[in-house]
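So this one's target-v4.tsv, TSV, C-alpha atoms:
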chain	number	residue	atom	x	y	z
A	406	MET	CA	-12.72	11.96	69.39
A	407	ASP	CA	-8.93	12.20	69.28
A	408	ASN	CA	-8.61	9.83	72.23
A	409	LYS	CA	-10.73	7.28	70.45
A	410	ILE	CA	-8.64	7.55	67.28
A	411	LEU	CA	-5.46	7.24	69.33
A	412	PHE	CA	-6.85	4.06	70.85
A	413	ILE	CA	-7.66	2.72	67.36
A	414	ILE	CA	-4.12	3.54	66.16
A	415	LEU	CA	-2.53	1.80	69.16
A	416	SER	CA	-4.69	-1.28	68.57
A	417	MET	CA	-3.82	-1.30	64.86
A	418	ALA	CA	-0.13	-1.05	65.77
A	419	LEU	CA	-0.43	-3.95	68.21
A	420	VAL	CA	-2.16	-6.39	65.84
A	421	THR	CA	0.17	-5.42	62.99
A	422	TYR	CA	3.21	-6.13	65.15
A	423	LEU	CA	1.70	-9.46	66.17
A	424	THR	CA	1.56	-10.50	62.50
A	425	ARG	CA	5.16	-9.43	62.00
A	426	VAL	CA	6.60	-11.12	65.06
A	427	GLY	CA	4.17	-14.07	65.24
A	428	SER	CA	6.14	-16.63	63.24
A	429	LEU	CA	9.39	-15.77	65.03
A	430	ALA	CA	7.72	-16.06	68.44
A	431	LEU	CA	6.16	-19.41	67.55
A	432	PHE	CA	9.30	-20.97	66.06
A	433	ARG	CA	11.40	-19.68	68.94
A	434	PHE	CA	9.63	-22.17	71.17
A	435	THR	CA	8.80	-25.00	68.81
A	436	GLY	CA	11.81	-24.86	66.52
A	437	ILE	CA	11.28	-24.91	62.78
A	438	PRO	CA	9.79	-28.20	61.64
A	439	VAL	CA	12.11	-29.88	59.13
A	440	TRP	CA	9.28	-30.67	56.71
A	441	LEU	CA	8.38	-26.97	56.55
A	442	ASN	CA	11.73	-25.97	55.05
A	443	ARG	CA	11.00	-27.74	51.81
A	444	TRP	CA	7.85	-25.64	51.35
A	445	LEU	CA	9.25	-22.37	52.66
A	446	LYS	CA	11.93	-22.11	50.00
A	447	HIS	CA	9.24	-21.32	47.40
A	448	VAL	CA	7.78	-18.42	49.41
A	449	PRO	CA	10.06	-15.66	48.00
A	450	ILE	CA	9.13	-16.37	44.35
A	451	ALA	CA	5.46	-16.71	45.24
A	452	ILE	CA	5.28	-13.43	47.18
A	453	LEU	CA	7.29	-11.46	44.62
A	454	THR	CA	5.03	-12.71	41.83
A	455	ALA	CA	1.93	-11.89	43.88
A	456	LEU	CA	3.23	-8.35	44.39
A	457	ILE	CA	4.13	-7.79	40.72
A	458	VAL	CA	1.41	-9.32	38.58
A	459	PRO	CA	-1.72	-7.68	40.09
A	460	ALA	CA	0.10	-4.32	40.13
A	461	LEU	CA	0.45	-4.60	36.34
A	462	LEU	CA	-2.80	-6.33	35.36
A	463	LEU	CA	-5.11	-4.67	37.90
A	464	PRO	CA	-3.56	-1.22	38.47
A	465	LYS	CA	-6.93	0.30	39.41
A	466	GLY	CA	-8.22	-2.74	41.26
A	467	SER	CA	-10.05	-4.40	38.38
A	468	LEU	CA	-8.60	-6.55	35.61
A	469	ASP	CA	-7.52	-4.32	32.72
A	470	LEU	CA	-6.02	-6.10	29.73
A	471	SER	CA	-6.87	-3.27	27.34
A	472	LEU	CA	-4.53	-0.87	25.55
A	473	GLN	CA	-5.69	1.82	27.99
A	474	ASN	CA	-3.57	0.19	30.71
A	475	PRO	CA	-0.01	1.60	30.40
A	476	TYR	CA	1.28	-0.69	33.16
A	477	LEU	CA	0.87	-3.64	30.81
A	478	PRO	CA	3.31	-2.70	27.98
A	479	ALA	CA	5.62	-1.05	30.53
A	480	GLY	CA	5.57	-4.22	32.64
A	481	ILE	CA	6.30	-6.48	29.66
A	482	ILE	CA	9.27	-4.35	28.59
A	483	ALA	CA	10.50	-4.08	32.18
A	484	ALA	CA	10.27	-7.86	32.61
A	485	ALA	CA	12.34	-8.43	29.48
A	486	VAL	CA	14.96	-5.87	30.52
A	487	ALA	CA	15.05	-7.24	34.08
A	488	TYR	CA	15.60	-10.75	32.73
A	489	LYS	CA	18.34	-9.61	30.37
A	490	THR	CA	20.23	-7.08	32.51
A	491	ARG	CA	19.20	-7.94	36.11
A	492	HIS	CA	19.68	-4.30	36.92
A	493	ILE	CA	17.15	-1.81	38.22
A	494	ILE	CA	18.24	1.32	36.35
A	495	PRO	CA	17.63	0.16	32.77
A	496	THR	CA	14.57	-1.78	33.92
A	497	LEU	CA	12.95	1.17	35.64
A	498	GLY	CA	14.15	3.67	33.03
A	499	LEU	CA	12.81	1.82	29.98
A	500	GLY	CA	9.64	0.82	31.82
A	501	MET	CA	8.85	4.41	32.80
A	502	LEU	CA	9.70	5.60	29.29
A	503	VAL	CA	7.25	3.12	27.77
A	504	MET	CA	4.61	4.16	30.27
A	505	LEU	CA	5.01	7.87	29.58
A	506	GLY	CA	5.14	7.30	25.81
A	507	TRP	CA	2.06	5.10	26.00
A	508	ARG	CA	0.12	7.87	27.68
A	509	LEU	CA	1.14	10.41	25.04
A	510	ILE	CA	-0.05	8.39	22.05
B	1496	MET	CA	20.55	-23.32	55.11
B	1497	ASP	CA	22.27	-25.91	57.33
B	1498	LEU	CA	20.29	-25.58	60.53
B	1499	THR	CA	22.32	-28.14	62.45
B	1500	LYS	CA	25.36	-25.87	62.57
B	1501	PRO	CA	26.16	-24.39	65.98
B	1502	LYS	CA	24.61	-20.96	66.44
B	1503	THR	CA	27.70	-19.08	67.54
B	1504	ASN	CA	29.61	-19.98	64.40
B	1505	ASP	CA	27.03	-18.48	62.09
B	1506	LEU	CA	26.77	-15.32	64.15
B	1507	ALA	CA	30.47	-14.64	64.08
B	1508	VAL	CA	30.38	-14.81	60.31
B	1509	GLU	CA	27.38	-12.52	60.05
B	1510	VAL	CA	28.26	-9.72	62.41
B	1511	ASN	CA	31.59	-8.77	60.88
B	1512	PRO	CA	30.66	-7.58	57.38
B	1513	GLY	CA	27.65	-5.84	58.94
B	1514	LYS	CA	28.34	-2.27	57.98
B	1515	GLY	CA	29.01	-3.12	54.35
B	1516	ASP	CA	25.81	-5.15	54.15
B	1517	PHE	CA	23.84	-2.30	55.67
B	1518	LEU	CA	25.06	0.19	53.09
B	1519	ILE	CA	24.60	-2.23	50.18
B	1520	ALA	CA	21.01	-2.74	51.31
B	1521	VAL	CA	20.40	1.00	51.58
B	1522	GLY	CA	21.59	1.32	47.98
B	1523	ASP	CA	19.45	-1.60	46.81
B	1524	SER	CA	16.39	-0.12	48.50
B	1525	ILE	CA	16.54	3.29	46.74
B	1526	PRO	CA	14.18	2.59	43.79
B	1527	ILE	CA	11.61	0.90	46.01
B	1528	THR	CA	11.84	3.66	48.60
B	1529	LEU	CA	11.25	6.31	45.94
B	1530	GLY	CA	8.22	4.38	44.76
B	1531	VAL	CA	6.74	4.56	48.26
B	1532	ILE	CA	6.76	8.38	48.42
B	1533	PRO	CA	3.49	8.92	46.46
B	1534	PHE	CA	1.78	6.38	48.72
B	1535	GLY	CA	3.01	8.16	51.86
B	1536	ILE	CA	1.84	11.52	50.54
B	1537	THR	CA	-1.53	9.97	49.67
B	1538	CYS	CA	-1.74	8.58	53.20
B	1539	GLY	CA	-1.21	12.05	54.68
B	1540	ILE	CA	-3.75	13.66	52.36
B	1541	MET	CA	-6.31	10.95	53.15
B	1542	GLY	CA	-5.84	11.55	56.86
B	1543	ILE	CA	-6.48	15.26	56.51
B	1544	THR	CA	-9.52	14.59	54.32
B	1545	ALA	CA	-10.84	12.15	56.95
B	1546	GLY	CA	-10.60	14.93	59.55
B	1547	MET	CA	-7.80	13.38	61.62
B	1548	SER	CA	-5.38	15.64	63.46
B	1549	PRO	CA	-1.89	15.94	61.84
B	1550	VAL	CA	-0.16	14.47	64.90
B	1551	LEU	CA	-2.32	11.36	64.86
B	1552	ILE	CA	-1.89	10.82	61.11
B	1553	ILE	CA	1.88	10.88	61.47
B	1554	LEU	CA	1.77	8.82	64.66
B	1555	MET	CA	-0.13	6.15	62.73
B	1556	SER	CA	2.68	5.95	60.17
B	1557	VAL	CA	5.26	5.76	62.98
B	1558	LEU	CA	3.48	3.00	64.91
B	1559	VAL	CA	1.60	0.94	62.32
B	1560	PHE	CA	3.86	1.36	59.25
B	1561	ALA	CA	1.66	-0.71	56.94
B	1562	GLY	CA	0.36	1.14	53.90
B	1563	ALA	CA	-2.71	-0.84	52.87
B	1564	SER	CA	-4.11	-1.19	56.38
B	1565	GLN	CA	-3.49	2.51	57.09
B	1566	PHE	CA	-5.46	3.46	53.96
B	1567	ILE	CA	-8.32	1.21	55.08
B	1568	GLY	CA	-8.15	2.39	58.70
B	1569	ILE	CA	-8.18	6.08	57.72
B	1570	THR	CA	-11.05	5.54	55.30
B	1571	MET	CA	-13.08	3.82	58.02
B	1572	ILE	CA	-12.28	6.54	60.57
B	1573	GLY	CA	-13.33	9.15	58.00
B	1574	ALA	CA	-16.57	7.32	57.28
B	1575	GLY	CA	-17.27	7.36	61.00
B	1576	VAL	CA	-17.21	3.61	61.55
B	1577	SER	CA	-18.23	3.50	65.18
B	1578	GLY	CA	-16.85	0.14	66.28
B	1579	TRP	CA	-13.06	0.13	66.69
B	1580	GLY	CA	-13.16	-3.67	66.61
B	1581	ILE	CA	-13.94	-3.87	62.90
B	1582	ILE	CA	-11.06	-1.51	62.03
B	1583	VAL	CA	-8.59	-3.48	64.11
B	1584	PHE	CA	-9.86	-6.82	62.83
B	1585	THR	CA	-9.57	-5.64	59.22
B	1586	THR	CA	-6.01	-4.48	59.97
B	1587	LEU	CA	-5.22	-7.94	61.32
B	1588	LEU	CA	-6.59	-9.66	58.20
B	1589	VAL	CA	-4.80	-7.31	55.80
B	1590	ASN	CA	-1.51	-7.91	57.58
B	1591	LEU	CA	-1.74	-11.68	58.01
B	1592	ARG	CA	0.59	-12.06	55.02
B	1593	HIS	CA	3.43	-10.93	57.32
B	1594	LEU	CA	3.17	-14.33	59.04
B	1595	LEU	CA	4.24	-16.02	55.81
B	1596	MET	CA	7.16	-13.64	55.32
B	1597	GLY	CA	8.18	-14.07	58.96
B	1598	MET	CA	8.05	-17.83	58.50
B	1599	SER	CA	10.23	-17.61	55.43
B	1600	LEU	CA	12.91	-15.53	57.20
B	1601	ALA	CA	12.61	-17.20	60.61
B	1602	PRO	CA	15.37	-19.80	60.04
B	1603	TYR	CA	17.86	-16.93	59.69
B	1604	MET	CA	16.36	-14.26	61.94
B	1605	LEU	CA	16.15	-16.60	64.94
B	1606	LYS	CA	19.96	-16.70	65.05
B	1607	LEU	CA	20.16	-12.95	65.68
B	1608	PRO	CA	20.11	-11.35	69.16
B	1609	LEU	CA	16.55	-11.05	70.46
B	1610	PRO	CA	16.28	-7.22	70.54
B	1611	PHE	CA	17.57	-7.13	66.93
B	1612	GLN	CA	14.87	-9.64	65.95
B	1613	ALA	CA	12.24	-7.50	67.64
B	1614	VAL	CA	13.35	-4.38	65.75
B	1615	LEU	CA	13.61	-6.13	62.37
B	1616	ALA	CA	10.12	-7.59	62.87
B	1617	PHE	CA	8.70	-4.13	63.62
B	1618	ILE	CA	9.91	-2.75	60.30
B	1619	LEU	CA	9.19	-5.86	58.20
B	1620	THR	CA	7.29	-4.93	55.03
B	1621	ASP	CA	6.56	-6.46	51.63
B	1622	GLU	CA	9.40	-4.37	50.23
B	1623	SER	CA	12.08	-5.18	52.81
B	1624	TYR	CA	11.06	-8.84	52.69
B	1625	ALA	CA	11.46	-8.87	48.91
B	1626	LEU	CA	14.95	-7.36	49.09
B	1627	THR	CA	16.10	-9.56	51.97
B	1628	ALA	CA	14.72	-12.81	50.55
B	1629	SER	CA	16.30	-12.08	47.19
B	1630	ARG	CA	19.68	-11.35	48.76
B	1631	THR	CA	19.39	-14.52	50.86
B	1632	GLN	CA	18.88	-16.60	47.72
B	1633	THR	CA	21.57	-15.03	45.58
B	1634	ASP	CA	24.16	-14.47	48.31
B	1635	LYS	CA	23.39	-15.14	51.97
B	1636	TYR	CA	21.20	-13.82	54.76
B	1637	SER	CA	22.49	-10.92	56.84
B	1638	GLY	CA	20.65	-9.13	59.63
B	1639	CYS	CA	22.42	-5.88	58.79
B	1640	TYR	CA	21.26	-6.21	55.19
B	1641	GLN	CA	17.68	-6.60	56.37
B	1642	LEU	CA	18.05	-3.55	58.59
B	1643	GLY	CA	19.44	-1.52	55.69
B	1644	ALA	CA	16.60	-2.72	53.46
B	1645	SER	CA	13.95	-1.74	56.04
B	1646	LEU	CA	15.09	1.45	57.74
B	1647	PRO	CA	15.12	3.86	54.74
B	1648	LEU	CA	11.60	2.80	53.85
B	1649	TYR	CA	10.42	3.43	57.43
B	1650	ILE	CA	11.95	6.90	57.56
B	1651	VAL	CA	10.70	7.86	54.10
B	1652	TRP	CA	7.22	6.53	54.89
B	1653	ILE	CA	6.99	8.81	57.94
B	1654	LEU	CA	8.44	11.83	56.12
B	1655	SER	CA	6.22	11.43	53.07
B	1656	THR	CA	3.15	11.02	55.29
B	1657	ALA	CA	4.12	14.29	56.97
B	1658	LEU	CA	4.57	15.88	53.55
B	1659	GLY	CA	1.07	14.74	52.57
B	1660	VAL	CA	-0.34	16.21	55.79
B	1661	PHE	CA	1.48	19.47	55.07
B	1662	LEU	CA	0.38	19.66	51.44
B	1663	GLY	CA	-3.15	18.69	52.37
B	1664	SER	CA	-5.33	18.60	49.30
B	1665	HIS	CA	-3.36	21.27	47.47
B	1666	ILE	CA	-1.88	18.81	44.99
B	1667	ALA	CA	-3.55	16.49	42.54
B	1668	ASP	CA	-3.59	12.77	43.18
B	1669	PRO	CA	0.10	11.82	43.63
B	1670	LEU	CA	-0.64	8.21	42.70
B	1671	SER	CA	-1.30	9.35	39.14
B	1672	TRP	CA	2.35	10.36	38.71
B	1673	GLY	CA	3.23	6.87	37.56
B	1674	LEU	CA	5.98	6.58	40.16
B	1675	ASP	CA	4.17	3.58	41.59
B	1676	PHE	CA	5.62	1.67	38.65
B	1677	ALA	CA	8.96	1.73	40.49
B	1678	MET	CA	7.80	-0.99	42.83
B	1679	PRO	CA	6.79	-3.71	40.35
B	1680	ALA	CA	9.88	-2.82	38.30
B	1681	ALA	CA	12.19	-3.29	41.29
B	1682	PHE	CA	10.45	-6.55	42.20
B	1683	LEU	CA	10.92	-7.80	38.62
B	1684	VAL	CA	14.67	-7.29	38.96
B	1685	LEU	CA	14.61	-9.29	42.21
B	1686	LEU	CA	12.46	-12.05	40.73
B	1687	ALA	CA	14.32	-12.62	37.45
B	1688	PRO	CA	17.45	-14.30	38.91
B	1689	MET	CA	15.29	-16.66	40.99
B	1690	LEU	CA	13.64	-18.26	37.95
B	1691	VAL	CA	16.36	-20.79	37.30
B	1692	ASN	CA	14.56	-24.07	36.71
B	1693	ARG	CA	11.26	-25.70	35.84
B	1694	SER	CA	9.89	-25.83	39.37
B	1695	SER	CA	10.65	-22.15	40.03
B	1696	LEU	CA	8.82	-21.25	36.80
B	1697	ILE	CA	5.83	-23.35	37.81
B	1698	VAL	CA	5.77	-21.71	41.26
B	1699	CYS	CA	5.87	-18.30	39.57
B	1700	LEU	CA	3.11	-19.12	37.06
B	1701	THR	CA	0.86	-20.62	39.74
B	1702	ALA	CA	1.39	-17.56	41.93
B	1703	ALA	CA	0.60	-15.25	39.00
B	1704	VAL	CA	-2.70	-16.95	38.13
B	1705	ALA	CA	-3.78	-17.27	41.76
B	1706	ALA	CA	-2.84	-13.65	42.50
B	1707	VAL	CA	-4.86	-12.28	39.58
B	1708	LEU	CA	-7.91	-14.41	40.46
B	1709	GLY	CA	-7.49	-13.51	44.13
B	1710	ALA	CA	-7.14	-9.80	43.39
B	1711	MET	CA	-10.30	-9.97	41.27
B	1712	TYR	CA	-12.50	-11.81	43.72
B	1713	LEU	CA	-11.08	-11.50	47.24
B	1714	PRO	CA	-11.06	-8.44	49.52
B	1715	GLY	CA	-7.96	-6.66	50.80
B	1716	LYS	CA	-4.58	-8.37	50.52
B	1717	TRP	CA	-5.92	-11.92	50.64
B	1718	TYR	CA	-4.68	-12.44	47.10
B	1719	ILE	CA	-1.09	-12.45	48.38
B	1720	ILE	CA	-1.82	-15.14	50.97
B	1721	ILE	CA	-3.87	-17.32	48.61
B	1722	SER	CA	-1.37	-16.99	45.80
B	1723	CYS	CA	1.54	-17.79	48.12
B	1724	LEU	CA	-0.18	-20.89	49.53
B	1725	ALA	CA	-1.20	-22.15	46.07
B	1726	ALA	CA	2.26	-21.62	44.59
B	1727	VAL	CA	4.12	-23.13	47.53
B	1728	LEU	CA	1.82	-26.14	47.40
B	1729	ALA	CA	2.42	-26.54	43.66
B	1730	GLY	CA	6.19	-26.27	44.08
B	1731	GLY	CA	6.32	-28.58	47.07
B	1732	LEU	CA	4.19	-31.28	45.46
B	1733	LEU	CA	6.16	-31.08	42.23
B	1734	GLU	CA	9.48	-31.60	43.97
B	1735	GLY	CA	8.06	-34.07	46.47
B	1736	GLY	CA	7.20	-36.35	43.57
B	1737	LYS	CA	10.73	-36.19	42.22
B	1738	ASP	CA	13.11	-36.48	45.13
B	1739	ASN	CA	11.66	-37.95	48.30
B	1740	GLY	CA	13.67	-37.56	51.45
B	1741	GLN	CA	15.59	-34.52	50.22

Could you take the file, read its structure, and then write that structure out as structure tokens?
Amino acid sequence: MDNKILFIILSMALVTYLTRVGSLALFRFTGIPVWLNRWLKHVPIAILTALIVPALLLPKGSLDLSLQNPYLPAGIIAAAVAYKTRHIIPTLGLGMLVMLGWRLI
Amino acid sequence: MDLTKPKTNDLAVEVNPGKGDFLIAVGDSIPITLGVIPFGITCGIMGITAGMSPVLIILMSVLVFAGASQFIGITMIGAGVSGWGIIVFTTLLVNLRHLLMGMSLAPYMLKLPLPFQAVLAFILTDESYALTASRTQTDKYSGCYQLGASLPLYIVWILSTALGVFLGSHIADPLSWGLDFAMPAAFLVLLAPMLVNRSSLIVCLTAAVAAVLGAMYLPGKWYIIISCLAAVLAGGLLEGGKDNGQ
């Protein structure tokens, strides 16, 4: 049983590394197409947004726009503070405070 | 961003301030790294619940180092999924988003020494990508920064998995602590300075809508890939219409 699980873990590690190194390996040989650069510059904003928004609107995996979802008010406050201060400490602090307060009331 | 520059020139500039960049990145990564702890503990607890041996649970965090696919893999092992192929294939699908992040960083990473590239790729995650891409936009890319943004997360992921294994099921669901809010909060701070003009706002809005729809209707982490493709397409087309040849 353990041997089989070890084999599964090694295979998971291999395919995961392939996804991480794949683009580098490809572009190492082909070079980076010039036309691609124009599109690639939008990737950071797109991925950050895709990591943030579902975490706030679907914290349990299904869309929750109700008042029962503390991530929503906390996220809105955190977004405002992040935009204003651009610093993590007030953003995280106020966000967590709203979340805790929201759960108490 | 000027790719026609000779390689050696860029390298000389990047290697020198390395140590400083590394430490700055370690500092920047603290909130995100703290946010990962409950996930690591959960991973360890899930492994124990699935009947895996402690060594293998921790080994998985050392070798795979990809939260979502580890959760799925452990769940499938626990449910006694007989075919290893389906577990590995699911892992591949869940992690395909790394290709997009690799593509985005490739113009910079390819200038680093090969072994350094190999190491940075091994510890590439959503979190270290977010930090590195943000730093690249607001300042400039640095391999040492990427290392400093990745390494603490890797170490803490392994340690918190071990902690979860050790605690077993003695503690209540650590994901209910609310610490997982640290991650979206940290990402918001990284995102805010990038929204500087109309096209960046449109990319962000497109990504948000596509991500929510994708998260509602698609399995696994496909919502990240779909949302990224949709937003990049929107941004590219928008700018393509304005300034051709740029």

Counting only C-alpha atoms, which residues of range 406-471 of chain A fall within 10 Å of range 478-501 of chain A, and what is the closest atom pair for each with its distance in Å at one decimal, ordered by chain and rising number, as a Markdown table?
| residue | atom | partner | partner_atom | distance |
| --- | --- | --- | --- | --- |
| A:Ile457 | CA | A:Gly480 | CA | 9.0 |
| A:Val458 | CA | A:Gly480 | CA | 8.9 |
| A:Ala460 | CA | A:Gly480 | CA | 9.3 |
| A:Leu461 | CA | A:Gly480 | CA | 6.3 |
| A:Leu462 | CA | A:Gly480 | CA | 9.1 |

Worksheet item: If you measure from CA of Val420 in chain A to CA of Tyr1718 in chain B, what distance in Å do you get, rounded to one decimal?
Response: 19.9 Å

Practice prompt. Have a look at B:Ser1623, B:Ile1567, B:Ile1527, B:Ala1616 and name the one nearest to chain A; count only C-alpha atoms.
Written response: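 Residue with the minimum atom-to-atom distance to chain A: B:Ala1616.
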
Which residues of chain B come within 7 Å of chain A, and what is each one's closest atom pair and distance in Å (one decimal), counting all atoms listed in the file, sorted by chain and residue number, as a tab-separated table?
residue	atom	partner	partner_atom	distance
B:Leu1551	CA	A:Leu411	CA	6.8
B:Met1555	CA	A:Ile414	CA	5.9
B:Leu1558	CA	A:Ala418	CA	5.5
B:Val1559	CA	A:Ala418	CA	4.3
B:Trp1579	CA	A:Ile413	CA	6.0
B:Val1583	CA	A:Met417	CA	5.3
B:Thr1586	CA	A:Met417	CA	6.2
B:Leu1587	CA	A:Val420	CA	5.7
B:Asn1590	CA	A:Thr421	CA	6.2
B:Leu1591	CA	A:Thr424	CA	5.7
B:His1593	CA	A:Arg425	CA	5.2
B:Leu1594	CA	A:Thr424	CA	5.4
B:Gly1597	CA	A:Ser428	CA	5.4
B:Met1598	CA	A:Ser428	CA	5.2
B:Ser1599	CA	A:Leu445	CA	5.6
B:Ala1601	CA	A:Leu429	CA	5.7
B:Leu1605	CA	A:Leu429	CA	6.8
B:Ala1616	CA	A:Arg425	CA	5.4
B:Phe1617	CA	A:Tyr422	CA	6.0
B:Leu1619	CA	A:Arg425	CA	6.6
B:Ala1625	CA	A:Leu453	CA	6.5
B:Ala1628	CA	A:Pro449	CA	6.0
B:Ala1677	CA	A:Leu497	CA	6.3
B:Pro1679	CA	A:Ile457	CA	4.9
B:Ala1680	CA	A:Leu497	CA	5.7
B:Ala1681	CA	A:Ile493	CA	6.0
B:Phe1682	CA	A:Leu453	CA	6.3
B:Leu1683	CA	A:Ala484	CA	6.0
B:Val1684	CA	A:Ala487	CA	4.9
B:Leu1686	CA	A:Leu453	CA	6.5
B:Ala1687	CA	A:Tyr488	CA	5.2
B:Val1698	CA	A:Ala451	CA	6.4
B:Cys1699	CA	A:Ala451	CA	5.9
B:Ala1702	CA	A:Ala451	CA	5.3
B:Ala1703	CA	A:Thr454	CA	5.8
B:Ala1706	CA	A:Ala455	CA	5.3
B:Val1707	CA	A:Pro459	CA	5.6
B:Ala1710	CA	A:Pro459	CA	6.7
B:Met1711	CA	A:Ser467	CA	6.3
B:Ile1719	CA	A:Ala455	CA	5.4
B:Ser1722	CA	A:Ala455	CA	6.4
B:Cys1723	CA	A:Ala451	CA	5.0
B:Ala1726	CA	A:Ala451	CA	5.9
B:Val1727	CA	A:His447	CA	5.4
B:Gly1730	CA	A:His447	CA	6.7
B:Gly1731	CA	A:Trp444	CA	5.4

Worksheet item: For the atom pair CA of Trp507 in chain A and CA of Phe1676 in chain B, what is the interatomic distance in Å to one decimal place?
Response: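 If I compute the distance from CA of Trp507 in chain A to CA of Phe1676 in chain B, I get 13.6 Å.
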
Worksheet item: Around (2.8, 7.0, 46.9) in the file's own coordinates, what residues are found within 10 Å if you use all atoms listed in the file, given back as a list in words?
Response: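 It turns out the residues near that spot are Thr1528, Leu1529, Gly1530, Val1531, Ile1532, Pro1533, Phe1534, Gly1535, Ile1536, Thr1537, Cys1538, Gly1562, Trp1652, Ser1655, Thr1656, Gly1659, Asp1668, Pro1669, Leu1670, Ser1671, Trp1672, Gly1673, Leu1674 and Asp1675 of chain B.
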
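As for CA of Val1589 in chain B and CA of Ser1564 in chain B, they are spaced 6.2 Å apart.
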
Worksheet item: For Ile1525 in chain B, which residue out of B:Ile1653, B:Leu1646, B:Met1604, B:Tyr1712 is the nearest one, using all atoms listed in the file?
Response: B:Leu1646
